[in-house]
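Structure record follows, encoded as structure tokens.
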There are 2 protein chains.
Amino acid sequence: MPCLIAAAAVVSSPAAAQSLAPTAQKVAAQALADPTAWTMLENLTTEIGPRPVGSPALTRARDWGVATLKQLGFQNVHVEAFTTGAWSRGAESAEVVAPYPQKLHVLGLGRSTSTPAGGITAPIVVFHSYQEMLDQPVGALKGKIAVVTQVMRKTEDGEGYGAINAQRTQGPVEAAKRGAVAYLIRSLSTEDNREPHAGAAMPGGIPAAALSPVDAEQLERIVARGQAVTIHLDLQSSFNPKAEAWNVVGEIPGRDHPEQVLVVGGHLDSWDPGTGAIDDAAGVAIAAAAAKLAAGANPPSRTIRVVMWGSEEQGGSGAAYAAAHKDEAAKIIVAGESDLGAGQIWSLRLPKGSMTTPAMTAFRSVLPGLRVIASGEAPNEGGSDIEGLMALSVPFVDFNQDATRYFDLHHSADDTLDKVKPDELAQNVAVWAAFLYTVANSDIDFRKTAQEIATK
Amino acid sequence: MPCLIAAAAVVSSPAAAQSLAPTAQKVAAQALADPTAWTMLENLTTEIGPRPVGSPALTRARDWGVATLKQLGFQNVHVEAFTTGAWSRGAESAEVVAPYPQKLHVLGLGRSTSTPAGGITAPIVVFHSYQEMLDQPVGALKGKIAVVTQVMRKTEDGEGYGAINAQRTQGPVEAAKRGAVAYLIRSLSTEDNREPHAGAAMPGGIPAAALSPVDAEQLERIVARGQAVTIHLDLQSSFNPKAEAWNVVGEIPGRDHPEQVLVVGGHLDSWDPGTGAIDDAAGVAIAAAAAKLAAGANPPSRTIRVVMWGSEEQGGSGAAYAAAHKDEAAKIIVAGESDLGAGQIWSLRLPKGSMTTPAMTAFRSVLPGLRVIASGEAPNEGGSDIEGLMALSVPFVDFNQDATRYFDLHHSADDTLDKVKPDELAQNVAVWAAFLYTVANSDIDFRKTAQEIATK
């Protein structure tokens, strides 16, 4: 591979920072043709497969992460251990017992409690919206299996998920408060197929599972025929409150300011039904490949650090990372996480006050060619794993991926490699690589740009 | 509903037969707006669900069929019992043991033998085409699990299925001959998702199952990494060689020639993973709705008989029907089965020599408006359930449905109601209704038209 990136002293004058533009464009172009991310994605999903926290597969994924970062030439490759709660799926089944006996496709929700051995049989009550269930008084669902069949809206920005998320995360606790013995939801899915979508719920609930969209509609039709409907539900699981997990870290140390760190990553863990290709092997691959391409053959002025967070789905890795790095937080220039699949980045938000700085102007020069809208400043959302850093006032970015297809697959058995389009994956790498390159080779200070805006 | 169909004496002159055209067109138009087929389809898939031969659900489906035909006003509604072999699925699982442990999604094939309790663990050998496996000498697969990953081609006419079918039906026996201990195929599916597609195989094989397309590709990638791959396979099933089954029959008796019978139907049984919406609740609904619409408020000149065949998937219902009706075969004017889903009819083949007859000219007058190509005469394929009648020289038709999406869903958990488009279903009803109307109210004799062609 030709060396496109000439060694350069850190560029601090506006003119010098803007002079980063031509190389940023070369980095982006190079990323579009670079196989690193695809290879990582294929290796992780093929050689490890599903990797829920608490599983032997996550240990293998950790080792894969270390080996891969070393092989790519990262330095200071290490793991940062922590413990977190890990819920593990056991045997699960569900069926309509009466009036029309038939099996239902379900996946237990994370933190679901187990039914008694052999399962439970109870009448159901169906709510077409989550609010309808919340409107029930305490005790109203006594002895019943509450079923919420609200449909998730497909949107480009993923807003449909945020709008309905409580149905999964809070529902089991809310149903329990009202006396329900178990809780079922229509999966938070935008695909009408037979795959249920897993996902975490808050602790304190009852046995809870997601129905496939097809099964949720079938239940609605069965109930609409007017007879009482009874379901048998058998959900077994286990919970380890102190499972071991790891954030896997590698760096490209800065030439001039090694203590100034850009943190970028994705998460290594996944839910168990699929192979976690879009959630989030893609993010891990995008971040590592972008960092490598941003550095090119010569070290950048500042340090680029890649983190493969180890427990995003069930929580813990972002908090562990922030706790371990709180003393260093003031030196973290910017943080970012790629965790919305492998769809193209279609818009992005840069830290407050930074849009027209020379460094970000240089970065933005790559965007038209990549069909990305620089839609504004001051993002209010980062990835889950950088929320801990955000709470420590670390500047962050939000690169919005096209989520139109993401929730067709998310947390389901169909989150697999074949769903990723190589050109879309590469576009993500190109945007991140250009961003990392311009920030790592300038002296832009996002805290300062935000302050300047604030005091204007 | 207005009575569109005036009572008419049987029309035997060319002019009179052609005069059927306006009413045929009215029947077709009425069918496009008629809810009967959709209601039947929804009821059967919702209230019965999956209905494999040998299951209690098929008994319930039989009762549903009788009740529905009676409710629609059919006469002589009855069941014709027979016995046939019924294979029933038990617990099934598959997983890669080494080098990259992960679960695989499989469905056992009909007539698969069971593995020993606890399953078997063996090395695999992957063939990218079925022919590659056939090319192996006897004994070459000793102790191995043979895996065939040939991909099915999506085609409008379903030809892709015929081209690859032996991979499922013959494969388990061929693999056994070569010493294999078990046999896996990439599902005969045109959809790249995580659903395996079930289906029958010939008896005499070994434990055999279909992988989802995604899992087949995953296995190919795992094998491509060069290490020996071991799979654990646990397939349990049972077989009843004398399961009871039933063909459910209803008639609209002919006014003038009740002994002259048009036989049309679909099959009531289904595979177990889905609810058998496209295979073949749709066909059952299309046939019954079309017969009802063809008759209208007044009896047709000849008898229209609807048959809901009871064991197409595992065989037996067509042979049983032919055996029971062999003495009547010479009086059966024509037979047809709708069994390729609910996609639109895009072309059709009429019996030899009949295209330009007055009756078929009247029928063909509806086709342009329904976007159907009358592509020729002398079909060589009917549905499985009329093959027995075909062997008795009963004339038959072949209405070709658009199968582009059919094999995305066929025999999988995704063969469900939501996949059917009501307007496409209605178009099928319209074509069949117009055909049944013109044949039942003319004196066309397809045996005679074929003979005239032969002696020309």
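Chain labels A, B, ... are given in the sequence in which chains occur in the structure tokens; within each chain residues are numbered consecutively from 1, and ligands are likewise numbered from 1 in the order shown.
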Exercise. Could you list the residues in chain B lying within 8 Å of chain A, using only C-alpha atoms, and format the result as a list in words?
Key: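 Output check: Thr46, Glu47, Ile48, Gly49, Pro50, Pro99, Tyr100, Pro101, Gln102, Asp192, Asn193, Arg194, Val214, Gln218, Arg221, Ile222, Ala413, Asp414, Thr416 and Asp418 of chain B.
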Mind listing the helix (DSSP H, G or I) residues of region 406-440 of chain B, per DSSP on the backbone, as an mmCIF file with C-alpha atoms, in the first residue's frame?
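Here's the written file out_19.cif:
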data_model
loop_
_atom_site.group_PDB
_atom_site.id
_atom_site.type_symbol
_atom_site.label_atom_id
_atom_site.label_comp_id
_atom_site.auth_asym_id
_atom_site.auth_seq_id
_atom_site.Cartn_x
_atom_site.Cartn_y
_atom_site.Cartn_z
ATOM 1 C CA TYR B 406 -42.929 -18.255 -3.127
ATOM 2 C CA PHE B 407 -39.663 -19.990 -2.299
ATOM 3 C CA ASP B 408 -38.648 -17.208 0.055
ATOM 4 C CA LEU B 409 -41.345 -18.576 2.357
ATOM 5 C CA LEU B 417 -50.860 -14.850 6.394
ATOM 6 C CA ASP B 418 -49.091 -11.492 6.385
ATOM 7 C CA LYS B 419 -47.088 -12.528 3.313
ATOM 8 C CA PRO B 422 -55.139 -9.674 -0.948
ATOM 9 C CA ASP B 423 -55.246 -8.294 -4.498
ATOM 10 C CA GLU B 424 -52.985 -11.059 -5.782
ATOM 11 C CA LEU B 425 -55.088 -13.690 -4.057
ATOM 12 C CA ALA B 426 -58.221 -12.195 -5.629
ATOM 13 C CA GLN B 427 -56.691 -12.283 -9.101
ATOM 14 C CA ASN B 428 -56.252 -16.040 -8.731
ATOM 15 C CA VAL B 429 -59.873 -16.407 -7.715
ATOM 16 C CA ALA B 430 -60.932 -14.354 -10.739
ATOM 17 C CA VAL B 431 -59.052 -16.546 -13.219
ATOM 18 C CA TRP B 432 -60.289 -19.797 -11.709
ATOM 19 C CA ALA B 433 -63.870 -18.530 -11.346
ATOM 20 C CA ALA B 434 -64.037 -17.480 -14.992
ATOM 21 C CA PHE B 435 -62.573 -20.813 -16.074
ATOM 22 C CA LEU B 436 -64.951 -22.877 -13.962
ATOM 23 C CA TYR B 437 -67.893 -20.769 -15.115
ATOM 24 C CA THR B 438 -67.185 -21.240 -18.823
ATOM 25 C CA VAL B 439 -66.440 -24.959 -18.575
ATOM 26 C CA ALA B 440 -69.352 -25.700 -16.289
#
Practice problem: Take CA of Pro358 (chain A) and CA of Lys292 (chain A) and report the distance between them in Å, one decimal. | Solution: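 So the two atoms, CA of Pro358 (chain A) and CA of Lys292 (chain A), lie 23.1 Å apart.
CA of Thr169 (chain A) is found 19.0 Å from CA of Lys154 (chain A).
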Exercise. Please provide as a PyMOL selection string all residues within 6 Å of Thr404 (chain B), with the sequence filter that same-chain residues fewer than 2 positions apart are discarded (counting only C-alpha atoms).
Key: chain B and resi 155-156+402+406
Exercise. Using only C-alpha atoms, determine which residues lie at most 7 Å from Gln314 (chain B), disregarding the query and same-chain residues fewer than 3 positions distant; provide the list as a PyMOL selection string.
Key: chain B and resi 86+200+311
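Pairwise distance (CA of Ile304 (chain B), CA of His325 (chain B)) equals 15.1 Å.
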